[in-house]
file work_35.tsv (TSV, C-alpha atoms)
chain	number	residue	atom	x	y	z
A	1	MET	CA	92.16	140.67	113.26
A	2	GLY	CA	89.66	143.20	111.93
A	3	LYS	CA	90.50	145.82	114.56
A	4	GLY	CA	88.45	148.99	114.56
A	5	GLY	CA	85.70	147.55	112.40
A	6	GLU	CA	88.05	146.70	109.52
A	7	PRO	CA	86.66	143.79	107.52
A	8	VAL	CA	88.35	140.40	107.82
A	9	ARG	CA	89.04	138.67	104.50
A	10	VAL	CA	87.93	135.04	104.47
A	11	LEU	CA	88.83	132.70	101.62
A	12	VAL	CA	86.54	129.80	100.76
A	13	THR	CA	87.79	127.45	98.04
A	14	GLY	CA	85.28	125.26	96.22
A	15	ALA	CA	82.81	128.02	97.05
A	16	ALA	CA	80.04	126.90	94.68
A	17	GLY	CA	80.14	123.35	96.03
A	18	GLN	CA	77.83	121.93	98.68
A	19	ILE	CA	79.85	122.92	101.75
A	20	GLY	CA	80.91	126.27	100.27
A	21	TYR	CA	77.29	127.15	99.49
A	22	ALA	CA	76.33	126.36	103.10
A	23	LEU	CA	79.40	128.10	104.57
A	24	ALA	CA	79.38	131.46	102.74
A	25	PRO	CA	76.09	132.67	104.30
A	26	MET	CA	77.16	131.44	107.76
A	27	ILE	CA	80.33	133.55	107.55
A	28	ALA	CA	78.35	136.52	106.19
A	29	ARG	CA	75.93	136.19	109.15
A	30	GLY	CA	78.74	136.36	111.69
A	31	LEU	CA	78.73	132.71	112.79
A	32	MET	CA	82.48	132.41	112.22
A	33	LEU	CA	83.87	135.71	113.55
A	34	GLY	CA	81.07	137.14	115.65
A	35	PRO	CA	78.02	139.37	115.17
A	36	ASP	CA	79.97	142.66	114.97
A	37	GLN	CA	82.84	141.68	112.68
A	38	PRO	CA	82.52	142.84	109.03
A	39	VAL	CA	83.83	140.38	106.43
A	40	ILE	CA	84.91	140.29	102.80
A	41	LEU	CA	84.47	136.88	101.20
A	42	HIS	CA	87.06	135.59	98.73
A	43	LEU	CA	85.43	132.79	96.76
A	44	LEU	CA	87.54	130.50	94.58
A	45	GLU	CA	86.27	127.95	92.09
A	46	ILE	CA	87.64	125.90	89.21
A	47	PRO	CA	86.78	127.27	85.73
A	48	PRO	CA	83.98	124.72	85.01
A	49	ALA	CA	82.12	126.04	88.09
A	50	ALA	CA	82.62	129.75	87.32
A	51	THR	CA	79.00	130.26	86.23
A	52	ALA	CA	77.67	128.47	89.32
A	53	LEU	CA	79.88	130.78	91.41
A	54	GLU	CA	78.26	133.80	89.71
A	55	GLY	CA	74.91	132.46	90.91
A	56	VAL	CA	76.20	132.18	94.50
A	57	CYS	CA	77.40	135.81	94.28
A	58	MET	CA	73.96	136.92	93.09
A	59	GLU	CA	72.40	135.22	96.12
A	60	LEU	CA	74.91	136.81	98.49
A	61	THR	CA	73.97	140.21	97.03
A	62	ASP	CA	70.25	139.42	97.32
A	63	ALA	CA	70.53	138.37	100.98
A	64	ALA	CA	71.91	141.84	101.82
A	65	PHE	CA	73.93	140.61	104.81
A	66	PRO	CA	74.78	143.61	107.03
A	67	LEU	CA	78.29	142.29	107.83
A	68	LEU	CA	79.24	141.45	104.24
A	69	GLN	CA	81.35	144.30	102.86
A	70	GLY	CA	82.45	142.74	99.61
A	71	VAL	CA	82.91	139.57	97.58
A	72	VAL	CA	85.91	138.63	95.47
A	73	ALA	CA	84.80	135.77	93.19
A	74	THR	CA	87.47	134.28	90.94
A	75	THR	CA	89.00	131.21	89.30
A	76	ASP	CA	92.52	132.60	89.83
A	77	PRO	CA	94.17	131.33	93.05
A	78	ALA	CA	96.52	134.36	93.23
A	79	VAL	CA	93.55	136.76	93.23
A	80	ALA	CA	91.60	134.57	95.69
A	81	CYS	CA	94.49	134.30	98.17
A	82	LYS	CA	95.47	137.98	98.12
A	83	ASP	CA	95.63	139.47	101.62
A	84	VAL	CA	93.29	136.89	103.19
A	85	ASP	CA	93.21	136.58	107.00
A	86	ILE	CA	91.47	133.20	107.12
A	87	ALA	CA	91.46	130.42	104.52
A	88	CYS	CA	88.89	127.61	104.45
A	89	PHE	CA	90.03	124.95	102.00
A	90	ILE	CA	86.84	123.18	100.99
A	91	GLY	CA	87.69	122.55	97.34
A	92	GLY	CA	88.91	119.12	96.39
A	93	PHE	CA	88.12	116.11	94.29
A	94	PRO	CA	84.96	114.70	95.90
A	95	ARG	CA	84.65	111.23	97.29
A	96	LYS	CA	81.66	109.57	95.66
A	97	ALA	CA	79.61	106.63	96.99
A	98	GLY	CA	81.67	103.44	96.90
A	99	MET	CA	85.01	105.26	96.58
A	100	GLU	CA	87.77	104.67	99.08
A	101	ARG	CA	89.71	107.59	100.53
A	102	LYS	CA	92.80	106.29	98.78
A	103	ASP	CA	91.07	106.73	95.38
A	104	VAL	CA	90.79	110.46	95.89
A	105	MET	CA	94.27	110.85	97.38
A	106	SER	CA	96.37	111.51	94.29
A	107	LYS	CA	93.94	114.05	92.83
A	108	ASN	CA	93.73	115.99	96.07
A	109	VAL	CA	97.38	116.10	97.08
A	110	ASN	CA	98.21	117.68	93.73
A	111	ILE	CA	95.47	120.30	94.25
A	112	TYR	CA	96.93	121.13	97.69
A	113	LYS	CA	100.49	121.24	96.42
A	114	SER	CA	99.46	123.88	93.87
A	115	ILE	CA	97.38	126.00	96.29
A	116	ALA	CA	100.22	126.00	98.87
A	117	SER	CA	102.36	128.34	96.78
A	118	GLY	CA	99.38	130.68	96.18
A	119	ILE	CA	98.56	131.03	99.86
A	120	GLU	CA	102.22	131.43	100.86
A	121	ALA	CA	102.87	134.11	98.22
A	122	HIS	CA	99.66	136.14	98.47
A	123	ALA	CA	97.88	135.68	101.83
A	124	LYS	CA	98.66	137.77	104.92
A	125	PRO	CA	101.63	136.33	106.85
A	126	THR	CA	99.26	135.87	109.80
A	127	VAL	CA	96.72	133.84	107.77
A	128	LYS	CA	94.94	130.99	109.58
A	129	CYS	CA	94.09	127.95	107.45
A	130	VAL	CA	91.64	125.10	107.94
A	131	VAL	CA	91.58	122.20	105.47
A	132	VAL	CA	88.25	120.44	105.08
A	133	ALA	CA	88.58	118.51	101.79
A	134	ASN	CA	89.45	114.85	102.28
A	135	PRO	CA	91.84	113.35	103.09
A	136	ALA	CA	91.86	116.45	105.33
A	137	ASN	CA	94.85	115.66	107.59
A	138	THR	CA	97.04	114.62	104.68
A	139	ASN	CA	95.96	117.55	102.48
A	140	ALA	CA	96.94	119.85	105.39
A	141	TYR	CA	100.30	118.06	105.66
A	142	ILE	CA	100.90	118.66	101.92
A	143	LEU	CA	99.87	122.32	102.30
A	144	LYS	CA	102.41	122.70	105.12
A	145	LYS	CA	105.15	120.88	103.19
A	146	TYR	CA	104.78	123.05	100.08
A	147	ALA	CA	104.33	126.34	101.97
A	148	PRO	CA	107.49	126.06	104.09
A	149	LYS	CA	107.68	129.79	104.94
A	150	MET	CA	104.27	129.76	106.60
A	151	ASP	CA	104.00	129.33	110.35
A	152	LYS	CA	103.17	125.66	110.82
A	153	LYS	CA	100.80	126.62	113.65
A	154	SER	CA	98.66	128.43	111.09
A	155	ILE	CA	97.78	125.22	109.20
A	156	THR	CA	95.02	123.05	110.68
A	157	CYS	CA	92.45	120.56	109.48
A	158	LEU	CA	88.85	120.04	110.47
A	159	THR	CA	88.07	117.33	113.02
A	160	ARG	CA	85.56	119.58	114.78
A	161	LEU	CA	82.80	117.92	112.77
A	162	ASP	CA	83.67	114.58	114.40
A	163	HIS	CA	83.94	116.32	117.78
A	164	ASN	CA	80.49	117.86	117.29
A	165	ARG	CA	79.12	114.49	116.15
A	166	MET	CA	80.30	113.04	119.47
A	167	VAL	CA	78.61	115.84	121.41
A	168	GLY	CA	75.38	115.36	119.46
A	169	GLN	CA	75.26	111.60	120.03
A	170	ILE	CA	75.91	111.91	123.78
A	171	ALA	CA	73.44	114.76	124.25
A	172	GLU	CA	70.75	112.80	122.39
A	173	ARG	CA	71.44	109.65	124.40
A	174	CYS	CA	71.34	111.54	127.74
A	175	LYS	CA	68.39	113.72	126.64
A	176	VAL	CA	70.24	116.93	127.55
A	177	PRO	CA	71.07	120.08	125.53
A	178	ASN	CA	74.33	119.92	123.55
A	179	ALA	CA	75.81	122.68	125.73
A	180	LYS	CA	75.80	120.29	128.73
A	181	VAL	CA	78.34	117.97	127.04
A	182	ASP	CA	82.02	119.00	127.21
A	183	GLY	CA	85.52	117.56	127.00
A	184	VAL	CA	85.12	114.99	124.23
A	185	ILE	CA	88.22	114.38	122.09
A	186	VAL	CA	88.85	113.24	118.54
A	187	TRP	CA	92.33	111.74	118.23
A	188	GLY	CA	94.04	111.18	114.90
A	189	ASN	CA	92.71	111.11	111.38
A	190	HIS	CA	89.44	112.46	110.00
A	191	SER	CA	88.64	108.94	108.81
A	192	SER	CA	87.04	105.78	110.14
A	193	THR	CA	90.22	105.05	112.18
A	194	GLN	CA	89.80	108.19	114.32
A	195	TYR	CA	89.46	107.58	118.04
A	196	PRO	CA	86.42	109.32	119.57
A	197	ASP	CA	87.53	109.47	123.22
A	198	VAL	CA	84.95	110.12	125.96
A	199	ASN	CA	87.23	109.34	128.92
A	200	HIS	CA	87.90	113.00	129.78
A	201	GLY	CA	84.43	114.36	129.04
A	202	THR	CA	81.48	115.39	131.16
A	203	VAL	CA	77.71	115.67	130.98
A	204	GLY	CA	76.85	118.40	133.48
A	205	SER	CA	78.57	117.44	136.74
A	206	LYS	CA	79.04	113.74	135.84
A	207	THR	CA	81.65	112.06	133.69
A	208	ILE	CA	80.31	110.84	130.35
A	209	ARG	CA	80.86	107.23	131.41
A	210	GLU	CA	78.83	107.80	134.60
A	211	ALA	CA	76.07	109.68	132.79
A	212	ILE	CA	75.62	107.06	130.05
A	213	ASN	CA	76.39	104.07	132.31
A	214	ASP	CA	76.89	101.72	129.35
A	215	ASP	CA	80.53	101.04	128.53
A	216	ALA	CA	79.63	98.45	125.88
A	217	TYR	CA	77.74	101.17	123.98
A	218	LEU	CA	80.49	103.80	124.44
A	219	ASN	CA	83.26	101.39	123.38
A	220	GLY	CA	81.25	99.94	120.49
A	221	GLU	CA	78.19	101.37	118.76
A	222	PHE	CA	78.92	104.96	119.81
A	223	MET	CA	82.41	104.86	118.29
A	224	THR	CA	81.33	103.28	115.02
A	225	THR	CA	78.41	105.72	114.68
A	226	VAL	CA	80.82	108.68	114.96
A	227	GLN	CA	83.50	107.08	112.77
A	228	LYS	CA	81.07	106.16	109.98
A	229	ARG	CA	78.68	109.10	110.22
A	230	GLY	CA	79.92	110.67	106.97
A	231	ALA	CA	79.19	107.48	105.01
A	232	ALA	CA	75.76	107.16	106.68
A	233	ILE	CA	74.85	110.70	105.58
A	234	ILE	CA	76.00	110.02	102.00
A	235	ALA	CA	73.82	106.88	102.01
A	236	ALA	CA	70.78	108.83	103.28
A	237	ARG	CA	71.16	112.13	101.42
A	238	LYS	CA	72.97	110.82	98.33
A	239	LEU	CA	75.27	113.78	99.05
A	240	SER	CA	77.95	114.37	101.66
A	241	SER	CA	77.41	116.24	104.92
A	242	ALA	CA	77.47	119.92	103.97
A	243	LEU	CA	75.39	121.78	106.55
A	244	SER	CA	77.12	120.14	109.55
A	245	ALA	CA	80.57	120.49	107.96
A	246	ALA	CA	80.04	124.21	107.27
A	247	SER	CA	78.76	124.81	110.80
A	248	SER	CA	81.78	122.97	112.26
A	249	VAL	CA	84.20	125.07	110.16
A	250	CYS	CA	82.65	128.16	111.78
A	251	ASP	CA	83.03	126.60	115.24
A	252	HIS	CA	86.67	125.62	114.56
A	253	VAL	CA	87.69	129.11	113.41
A	254	ARG	CA	85.58	130.99	115.99
A	255	ASN	CA	87.01	129.06	118.95
A	256	TRP	CA	90.55	129.46	117.53
A	257	VAL	CA	90.31	133.18	116.71
A	258	VAL	CA	87.54	134.68	118.86
A	259	GLY	CA	87.49	132.54	122.01
A	260	MET	CA	86.79	129.16	123.56
A	261	GLU	CA	83.31	130.07	124.88
A	262	GLY	CA	84.02	128.32	128.18
A	263	ARG	CA	84.82	124.95	126.60
A	264	LYS	CA	87.25	122.62	128.34
A	265	TYR	CA	88.95	121.92	125.02
A	266	VAL	CA	88.23	121.45	121.31
A	267	SER	CA	89.46	118.87	118.81
A	268	MET	CA	91.65	120.29	116.04
A	269	GLY	CA	93.84	118.63	113.45
A	270	VAL	CA	97.18	120.36	114.09
A	271	VAL	CA	100.86	119.84	113.34
A	272	SER	CA	102.21	117.44	115.97
A	273	ASP	CA	105.09	118.54	118.18
A	274	GLY	CA	105.62	114.96	119.36
A	275	SER	CA	102.96	115.13	122.11
A	276	TYR	CA	101.47	111.76	123.14
A	277	GLY	CA	104.12	109.98	121.04
A	278	ILE	CA	102.72	111.18	117.70
A	279	THR	CA	105.33	111.71	114.97
A	280	GLU	CA	106.45	115.33	114.85
A	281	GLY	CA	105.24	117.20	111.75
A	282	LEU	CA	102.25	114.92	111.13
A	283	VAL	CA	98.81	116.61	111.10
A	284	TYR	CA	96.91	114.74	113.83
A	285	SER	CA	93.79	115.65	115.79
A	286	PHE	CA	94.46	116.51	119.43
A	287	PRO	CA	92.50	118.15	122.24
A	288	CYS	CA	93.45	121.83	122.08
A	289	VAL	CA	92.88	125.04	123.98
A	290	CYS	CA	93.02	128.40	122.21
A	291	LYS	CA	94.05	131.77	123.62
A	292	GLY	CA	94.84	135.01	121.83
A	293	GLY	CA	94.33	133.37	118.44
A	294	GLU	CA	96.84	130.58	119.18
A	295	TRP	CA	96.08	126.92	119.77
A	296	SER	CA	98.05	124.65	122.08
A	297	ILE	CA	97.79	120.90	122.62
A	298	VAL	CA	96.38	119.90	126.02
A	299	GLN	CA	99.20	118.13	127.89
A	300	GLY	CA	99.27	115.49	130.60
A	301	LEU	CA	95.98	113.69	129.97
A	302	GLU	CA	96.02	110.18	131.36
A	303	ILE	CA	95.85	107.67	128.51
A	304	ASP	CA	94.76	104.12	129.34
A	305	PRO	CA	96.19	101.14	127.38
A	306	ARG	CA	93.04	100.73	125.22
A	307	SER	CA	93.14	104.42	124.26
A	308	LYS	CA	96.86	104.21	123.51
A	309	ASP	CA	96.25	101.35	121.06
A	310	LEU	CA	93.42	103.24	119.33
A	311	MET	CA	95.51	106.43	119.11
A	312	GLU	CA	98.36	104.40	117.65
A	313	ALA	CA	96.15	102.72	115.00
A	314	THR	CA	95.02	106.08	113.58
A	315	HIS	CA	98.63	107.40	113.87
A	316	LYS	CA	99.78	104.42	111.77
A	317	GLU	CA	97.12	105.13	109.11
A	318	LEU	CA	98.27	108.76	108.90
A	319	LEU	CA	101.90	107.72	108.43
A	320	GLU	CA	100.81	105.36	105.62
A	321	GLU	CA	98.65	108.09	104.04
A	322	LYS	CA	101.54	110.54	104.16
A	323	ASP	CA	103.83	108.06	102.37
A	324	LEU	CA	101.13	107.34	99.77
A	325	ALA	CA	100.54	111.08	99.24
A	326	LEU	CA	104.24	111.77	98.73
A	327	SER	CA	104.46	108.88	96.24
A	328	CYS	CA	101.41	110.28	94.37
A	329	LEU	CA	103.23	113.59	94.00
A	330	GLU	CA	106.29	111.88	92.54
A	331	GLU	CA	104.33	110.02	89.86

call {"tool": "encode", "arguments": {"input": "work_35.tsv", "output": "structure tokens"}}
result
Amino acid sequence: MGKGGEPVRVLVTGAAGQIGYALAPMIARGLMLGPDQPVILHLLEIPPAATALEGVCMELTDAAFPLLQGVVATTDPAVACKDVDIACFIGGFPRKAGMERKDVMSKNVNIYKSIASGIEAHAKPTVKCVVVANPANTNAYILKKYAPKMDKKSITCLTRLDHNRMVGQIAERCKVPNAKVDGVIVWGNHSSTQYPDVNHGTVGSKTIREAINDDAYLNGEFMTTVQKRGAAIIAARKLSSALSAASSVCDHVRNWVVGMEGRKYVSMGVVSDGSYGITEGLVYSFPCVCKGGEWSIVQGLEIDPRSKDLMEATHKELLEEKDLALSCLEE
């Protein structure tokens, strides 16, 4: 990707929205693909946001980012998807305060069904996709279903935000830098049923459970804080988490494409191959390692009975969501 100083084309959908506005400058600064990799941004918006998108383009010009070698700003998905190397699907119908995930399901699955054909027809065959808009796992599943010619390993969804939330909570609790915390795992859905698993993680040379020495906290308050963090930020900011989501998108893509930066593993929503008893084809968050631009699911982790139950509960929710999504498409 981007060999010999060639720019990498990065698509951001919903580019004038909160996350898109935070993400575009991060990509242009090299936080996604590294400090030496030139980029061309492809920014897609819906027609009502076309003028706002013009404003974002003006700001990108005014910031004079050294790595930014061009911007394609459009409301036409075919133009936006043309020849892109990386696609960040941020655009979707937003969840507003008091709305359940299910309320936004039918609007979003139809958006992802329509963008699937655009990305399949116009993007590079090697494109790497990350779906951020909720319900992220199910939107990614729909993208995969309606872009059948694409490599299923190229379609992922973002659970790195939840992974990073875990790291942040543990680092804060232990009063250590974030870099000292490694090996946390998000299993399952990017929803409040996800299982934030600390059983394989470390803080420096100790296991997380040894370092924190409070199983009641780790099995209770810690999990609910991570699971409900998105709602807590909406309550505080009156807007959803944009800065942290954008930063996590950069982490997700950078560790996938550029390198793992010495991490034990990262959490990624990927297409299940049946590992850990999760239905094949479902988009589920697993611990992954990346090498040469390819992810693989970490195998052979010991799963205790409590963890198995929690992994199964989020698996069940994803199966229900998938069925609901498919029924929304038929209506």

call {"tool": "closest_residue", "arguments": {"input": "work_35.tsv", "among": "A:Tyr21, A:Trp256, A:Tyr146, A:Tyr265", "to": "Thr202 of chain A", "atoms": "all atoms listed in the file"}}
result
A:Tyr265

call {"tool": "closest_residue", "arguments": {"input": "work_35.tsv", "among": "A:Met105, A:Cys81, A:Val186, A:Ala216", "to": "Ala121 of chain A", "atoms": "all atoms listed in the file"}}
result
A:Cys81

call {"tool": "closest_atom_pairs", "arguments": {"input": "work_35.tsv", "of": "segment 183-289 of chain A", "to": "segment 295-308 of chain A", "cutoff": "8 Å", "atoms": "only C-alpha atoms", "output": "CSV"}}
result
residue,atom,partner,partner_atom,distance
A:Tyr195,CA,A:Ser307,CA,7.9
A:Asp197,CA,A:Ser307,CA,7.6
A:Trp256,CA,A:Trp295,CA,6.5
A:Tyr265,CA,A:Val298,CA,7.8
A:Ser275,CA,A:Gln299,CA,7.5
A:Phe286,CA,A:Ile297,CA,6.4
A:Pro287,CA,A:Val298,CA,5.7
A:Cys288,CA,A:Ile297,CA,4.5
A:Val289,CA,A:Ser296,CA,5.5

call {"tool": "closest_residue", "arguments": {"input": "work_35.tsv", "among": "A:Ala15, A:Leu143, A:Ala245, A:Ala231", "to": "Ser192 of chain A", "atoms": "only C-alpha atoms"}}
result
A:Ala231

call {"tool": "closest_residue", "arguments": {"input": "work_35.tsv", "among": "A:Ser205, A:Gly293, A:Lys180, A:Gly188", "to": "Gly277 of chain A", "atoms": "all atoms listed in the file"}}
result
A:Gly188

call {"tool": "closest_residue", "arguments": {"input": "work_35.tsv", "among": "A:Asn108, A:Val132, A:Ala246, A:Met32", "to": "Gly20 of chain A", "atoms": "all atoms listed in the file"}}
result
A:Ala246

call {"tool": "residues_around", "arguments": {"input": "work_35.tsv", "residues": "Tyr284 of chain A", "least_positions_apart": "6", "cutoff": "7 Å", "atoms": "only C-alpha atoms", "output": "list in words"}}
result
Asn137, Gly188, Asn189, Gly269, Val270, Val271 and Ser272 of chain A

call {"tool": "closest_residue", "arguments": {"input": "work_35.tsv", "among": "A:Pro38, A:Gly30, A:Pro135, A:Gly14", "to": "Ala80 of chain A", "atoms": "all atoms listed in the file"}}
result
A:Gly14

call {"tool": "residues_around", "arguments": {"input": "work_35.tsv", "residues": "Ile155 of chain A", "least_positions_apart": "6", "cutoff": "10 Å", "atoms": "only C-alpha atoms", "output": "list in words"}}
result
Ala87, Val127, Lys128, Cys129, Val130, Val131, Ala140, Tyr141, Leu143, Lys144, Ala147, Gly269, Val270, Val271 and Val283 of chain A

call {"tool": "atom_distance", "arguments": {"input": "work_35.tsv", "atom1": "atom CA of Ile119 of chain A", "atom2": "atom CA of Asp162 of chain A"}}
result
26.5 Å

call {"tool": "atom_distance", "arguments": {"input": "work_35.tsv", "atom1": "atom CA of Gln194 of chain A", "atom2": "atom CA of Leu310 of chain A"}}
result
7.9 Å

call {"tool": "atom_distance", "arguments": {"input": "work_35.tsv", "atom1": "atom CA of Thr159 of chain A", "atom2": "atom CA of Val71 of chain A"}}
result
27.6 Å

call {"tool": "residues_around", "arguments": {"input": "work_35.tsv", "residues": "Leu11 of chain A", "least_positions_apart": "6", "cutoff": "9 Å", "atoms": "only C-alpha atoms", "output": "list in words"}}
result
Ile40, Leu41, His42, Leu43, Leu44, Ala80, Cys81, Val84, Asp85, Ile86, Ala87, Cys88 and Phe89 of chain A

call {"tool": "write_last_selection", "arguments": {"input": "work_35.tsv", "atoms": "C-alpha atoms", "output": "PDB file, keeping the file's coordinate frame"}}
result
ATOM      1  CA  ILE A  40      84.910 140.290 102.800  1.00  0.00           C
ATOM      2  CA  LEU A  41      84.470 136.880 101.200  1.00  0.00           C
ATOM      3  CA  HIS A  42      87.060 135.590  98.730  1.00  0.00           C
ATOM      4  CA  LEU A  43      85.430 132.790  96.760  1.00  0.00           C
ATOM      5  CA  LEU A  44      87.540 130.500  94.580  1.00  0.00           C
ATOM      6  CA  ALA A  80      91.600 134.570  95.690  1.00  0.00           C
ATOM      7  CA  CYS A  81      94.490 134.300  98.170  1.00  0.00           C
ATOM      8  CA  VAL A  84      93.290 136.890 103.190  1.00  0.00           C
ATOM      9  CA  ASP A  85      93.210 136.580 107.000  1.00  0.00           C
ATOM     10  CA  ILE A  86      91.470 133.200 107.120  1.00  0.00           C
ATOM     11  CA  ALA A  87      91.460 130.420 104.520  1.00  0.00           C
ATOM     12  CA  CYS A  88      88.890 127.610 104.450  1.00  0.00           C
ATOM     13  CA  PHE A  89      90.030 124.950 102.000  1.00  0.00           C
TER      14      PHE A  89
END

call {"tool": "residues_near_point", "arguments": {"input": "work_35.tsv", "point": "(96.7, 129.5, 98.1)", "cutoff": "7 Å", "atoms": "all atoms listed in the file", "output": "number ranges by chain"}}
result
A: 77-78, 81, 115-120

call {"tool": "residues_around", "arguments": {"input": "work_35.tsv", "residues": "Val109 of chain A", "least_positions_apart": "2", "cutoff": "12 Å", "atoms": "only C-alpha atoms", "output": "JSON, numbers by chain"}}
result
{"A": [91, 92, 93, 101, 102, 103, 104, 105, 106, 107, 111, 112, 113, 114, 115, 116, 131, 133, 134, 135, 136, 137, 138, 139, 140, 141, 142, 143, 144, 145, 146, 321, 322, 323, 324, 325, 326, 327, 328, 329, 330, 331]}

call {"tool": "build_atoms", "arguments": {"input": "work_35.tsv", "residues": "segment 278-285 of chain A", "atoms": "all heavy atoms", "output": "mmCIF file, in the frame of the given file"}}
result
data_model
loop_
_atom_site.group_PDB
_atom_site.id
_atom_site.type_symbol
_atom_site.label_atom_id
_atom_site.label_comp_id
_atom_site.auth_asym_id
_atom_site.auth_seq_id
_atom_site.Cartn_x
_atom_site.Cartn_y
_atom_site.Cartn_z
ATOM 1 N N ILE A 278 103.107 111.074 119.118
ATOM 2 C CA ILE A 278 102.720 111.180 117.700
ATOM 3 C C ILE A 278 103.859 111.848 116.920
ATOM 4 O O ILE A 278 104.384 112.886 117.332
ATOM 5 C CB ILE A 278 101.408 111.998 117.551
ATOM 6 C CG1 ILE A 278 100.274 111.384 118.401
ATOM 7 C CG2 ILE A 278 101.006 112.118 116.083
ATOM 8 C CD1 ILE A 278 99.996 109.902 118.163
ATOM 9 N N THR A 279 104.213 111.246 115.794
ATOM 10 C CA THR A 279 105.330 111.710 114.970
ATOM 11 C C THR A 279 105.271 113.219 114.733
ATOM 12 O O THR A 279 104.251 113.735 114.269
ATOM 13 C CB THR A 279 105.313 110.981 113.604
ATOM 14 O OG1 THR A 279 105.361 109.579 113.854
ATOM 15 C CG2 THR A 279 106.499 111.383 112.735
ATOM 16 N N GLU A 280 106.367 113.882 115.038
ATOM 17 C CA GLU A 280 106.450 115.330 114.850
ATOM 18 C C GLU A 280 106.251 115.680 113.379
ATOM 19 O O GLU A 280 106.768 114.995 112.496
ATOM 20 C CB GLU A 280 107.825 115.816 115.325
ATOM 21 C CG GLU A 280 107.887 117.291 115.591
ATOM 22 C CD GLU A 280 109.200 117.736 116.219
ATOM 23 O OE1 GLU A 280 109.825 116.929 116.929
ATOM 24 O OE2 GLU A 280 109.582 118.883 115.975
ATOM 25 N N GLY A 281 105.458 116.739 113.130
ATOM 26 C CA GLY A 281 105.240 117.200 111.750
ATOM 27 C C GLY A 281 103.982 116.625 111.117
ATOM 28 O O GLY A 281 103.484 117.166 110.128
ATOM 29 N N LEU A 282 103.478 115.515 111.654
ATOM 30 C CA LEU A 282 102.250 114.920 111.130
ATOM 31 C C LEU A 282 101.047 115.768 111.554
ATOM 32 O O LEU A 282 101.050 116.327 112.648
ATOM 33 C CB LEU A 282 102.107 113.509 111.726
ATOM 34 C CG LEU A 282 101.389 112.433 110.924
ATOM 35 C CD1 LEU A 282 102.044 112.201 109.573
ATOM 36 C CD2 LEU A 282 101.361 111.130 111.721
ATOM 37 N N VAL A 283 100.025 115.882 110.713
ATOM 38 C CA VAL A 283 98.810 116.610 111.100
ATOM 39 C C VAL A 283 97.848 115.595 111.729
ATOM 40 O O VAL A 283 97.344 114.691 111.052
ATOM 41 C CB VAL A 283 98.180 117.340 109.907
ATOM 42 C CG1 VAL A 283 96.892 118.049 110.334
ATOM 43 C CG2 VAL A 283 99.167 118.363 109.323
ATOM 44 N N TYR A 284 97.634 115.735 113.015
ATOM 45 C CA TYR A 284 96.910 114.740 113.830
ATOM 46 C C TYR A 284 95.934 115.517 114.702
ATOM 47 O O TYR A 284 96.232 116.633 115.130
ATOM 48 C CB TYR A 284 97.953 114.008 114.678
ATOM 49 C CG TYR A 284 97.499 112.811 115.491
ATOM 50 C CD1 TYR A 284 97.670 111.519 115.004
ATOM 51 C CD2 TYR A 284 96.961 112.978 116.763
ATOM 52 C CE1 TYR A 284 97.301 110.409 115.776
ATOM 53 C CE2 TYR A 284 96.583 111.867 117.529
ATOM 54 C CZ TYR A 284 96.753 110.587 117.024
ATOM 55 O OH TYR A 284 96.391 109.489 117.780
ATOM 56 N N SER A 285 94.773 114.957 114.950
ATOM 57 C CA SER A 285 93.790 115.650 115.790
ATOM 58 C C SER A 285 94.094 115.420 117.269
ATOM 59 O O SER A 285 94.224 114.276 117.710
ATOM 60 C CB SER A 285 92.378 115.174 115.476
ATOM 61 O OG SER A 285 91.443 115.879 116.281
#
